[in-house]
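Working notes, structure below.
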Amino acid sequence: MAPDALNPVLRPLTPFMRIVFLGPPGSGKGTQAERLQDYLHVAHLSTGEALRRAVTANTALGREADRFMKLGHLVPDDVVFGVVAERIVDKDCIPGCLFDGFPRTVPQAEAFDRLLIERRTPLDLVIALDATEPVLTERLLSRGRPDDKPDTIRERFRQYAEQTEPLLDYYRERGILRQIGAEGTPDEVFERIRATLGRVTS
Ligand code: B4P
């Protein structure tokens, strides 16, 4: 692959068409996925954002999700999977998509694999962001979303360690995991992501 393969002017589309962003609460999945979306020109699906929109719109899905989110719990796998399965068939997702905050459990990852195999659109890369808990807690407290209260944050970290961290091994075994330090400014973190994409393609 040519070294300029990721230069957006020379080549707006890259071989990375389906990327998952993994990471603990506040690690910047949403922040970095938005930047990468602008850079790679692919769609962006944040399950957290989709669920918050449903809560605001007070749909049946939103009311169901809200019960879990406000306690810092993960929303049930079948509910989240329904959101993804519906969105992935949208026209803008067909060439590529950044999956931000999904999957978050092994059953979600297994169901996602089955869906991607069926659609013949494999995952290309999993970017796992990481930072220490005190740094993440400070970010979340200053963000101040309804699910960013101290007790809820502690529960979200617990759920991450129990349910989401096993995905690091799941994707490491498949050879598509890249771990990236998420401390520093958003620009510094994005530079690390860009450098990682460059190394993988060169
Ligand atoms: P998400 O919306 O995914 O939220 P998150 O993990 O808190 O945040 P993220 O890592 O995206 O951090 P962000 O960029 O916003 O999930 C919310 C909830 O939805 C979950 O707890 C769960 O209940 C539910 N849910 C979502 N997906 C699910 C799934 N698949 N299964 C089950 N349930 C699911 O950054 C955080 C803050 O830090 C921001 O204020 C940002 O500006 C700041 N920031 C980011 N990077 C920074 C940096 N480098 N330096 C300083 N500040 C930074």
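Letters for chains follow the order of the structure tokens (A, B, ...), residue numbers begin at 1 for each chain, and ligand numbers begin at 1 in the order shown.
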With a cut-off of 8 Å, could you pull out the residues of chain A touching ligand 1 and give me the nearest pair of atoms for each, distance in Å to one decimal, using only C-alpha atoms and all ligand atoms, ordered by chain and ascending number, as a Markdown table?
| residue | atom | partner | partner_atom_place_in_ligand_line | distance |
| --- | --- | --- | --- | --- |
| A:Leu22 | CA | ligand 1 | 10 (O) | 7.9 |
| A:Gly23 | CA | ligand 1 | 10 (O) | 6.2 |
| A:Pro24 | CA | ligand 1 | 6 (O) | 5.9 |
| A:Pro25 | CA | ligand 1 | 6 (O) | 3.4 |
| A:Gly26 | CA | ligand 1 | 12 (O) | 3.7 |
| A:Ser27 | CA | ligand 1 | 10 (O) | 4.2 |
| A:Gly28 | CA | ligand 1 | 14 (O) | 3.2 |
| A:Lys29 | CA | ligand 1 | 11 (O) | 3.9 |
| A:Gly30 | CA | ligand 1 | 11 (O) | 3.7 |
| A:Thr31 | CA | ligand 1 | 14 (O) | 3.7 |
| A:Gln32 | CA | ligand 1 | 14 (O) | 6.5 |
| A:Ala33 | CA | ligand 1 | 14 (O) | 8.0 |
| A:Ser46 | CA | ligand 1 | 3 (O) | 6.6 |
| A:Thr47 | CA | ligand 1 | 27 (N) | 4.4 |
| A:Gly48 | CA | ligand 1 | 2 (O) | 3.3 |
| A:Glu49 | CA | ligand 1 | 2 (O) | 5.4 |
| A:Leu51 | CA | ligand 1 | 19 (O) | 6.5 |
| A:Arg52 | CA | ligand 1 | 19 (O) | 7.4 |
| A:Ala65 | CA | ligand 1 | 23 (O) | 7.6 |
| A:Phe68 | CA | ligand 1 | 23 (O) | 6.1 |
| A:Met69 | CA | ligand 1 | 23 (O) | 4.0 |
| A:Lys70 | CA | ligand 1 | 23 (O) | 7.4 |
| A:Leu71 | CA | ligand 1 | 23 (O) | 7.9 |
| A:Gly72 | CA | ligand 1 | 21 (O) | 5.4 |
| A:His73 | CA | ligand 1 | 23 (O) | 5.1 |
| A:Leu74 | CA | ligand 1 | 33 (N) | 3.7 |
| A:Val75 | CA | ligand 1 | 33 (N) | 3.9 |
| A:Pro76 | CA | ligand 1 | 32 (C) | 6.1 |
| A:Asp77 | CA | ligand 1 | 31 (N) | 6.1 |
| A:Val80 | CA | ligand 1 | 31 (N) | 5.6 |
| A:Phe81 | CA | ligand 1 | 30 (N) | 7.7 |
| A:Asp100 | CA | ligand 1 | 3 (O) | 6.5 |
| A:Gly101 | CA | ligand 1 | 3 (O) | 4.5 |
| A:Phe102 | CA | ligand 1 | 30 (N) | 4.0 |
| A:Pro103 | CA | ligand 1 | 30 (N) | 4.8 |
| A:Arg104 | CA | ligand 1 | 30 (N) | 4.6 |
| A:Thr105 | CA | ligand 1 | 31 (N) | 6.9 |
| A:Gln108 | CA | ligand 1 | 30 (N) | 7.3 |
| A:Leu136 | CA | ligand 1 | 38 (O) | 7.2 |
| A:Arg139 | CA | ligand 1 | 38 (O) | 4.6 |
| A:Leu140 | CA | ligand 1 | 37 (C) | 5.4 |
| A:Ser142 | CA | ligand 1 | 40 (O) | 6.7 |
| A:Arg143 | CA | ligand 1 | 40 (O) | 4.2 |
| A:Gly144 | CA | ligand 1 | 40 (O) | 7.9 |
| A:Asp147 | CA | ligand 1 | 21 (O) | 7.2 |
| A:Asp148 | CA | ligand 1 | 7 (O) | 7.8 |
| A:Arg156 | CA | ligand 1 | 21 (O) | 5.9 |
| A:Ala182 | CA | ligand 1 | 49 (N) | 6.0 |
| A:Glu183 | CA | ligand 1 | 49 (N) | 5.6 |
| A:Gly184 | CA | ligand 1 | 49 (N) | 5.1 |
| A:Thr185 | CA | ligand 1 | 49 (N) | 4.0 |
| A:Pro186 | CA | ligand 1 | 49 (N) | 3.7 |
| A:Asp187 | CA | ligand 1 | 49 (N) | 7.2 |
| A:Glu188 | CA | ligand 1 | 49 (N) | 7.3 |
| A:Val189 | CA | ligand 1 | 49 (N) | 6.1 |
task: Mind the document's chain letters and residue numbers, and return as a count of residues only the residues of region 4-171 of chain A that DSSP labels helix (DSSP H, G or I).
output: 96
field: Who sits within 9 Å of Ala43 (chain A), only C-alpha atoms, same chain under 4 positions skipped, as an MDAnalysis selection string
entry: chainID A and resid 37 92:99
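Distance check against Thr196 (chain A) using only C-alpha atoms: of A:Ala128, A:Arg53, A:Glu138, A:Lys91, the minimum falls on A:Ala128.
Take CA of Val126 (chain A) and CA of Tyr171 (chain A): the distance between them is 7.2 Å.
The closest residue to Tyr160 (chain A), picked from A:Val42, A:Leu141, A:Val200, A:Val106 and counting only C-alpha atoms, is A:Val106.
Proximity ranking of A:Arg87, A:Glu165, A:Gly181, A:Arg145 relative to Thr132 (chain A) places A:Gly181 first, based on only C-alpha atoms.
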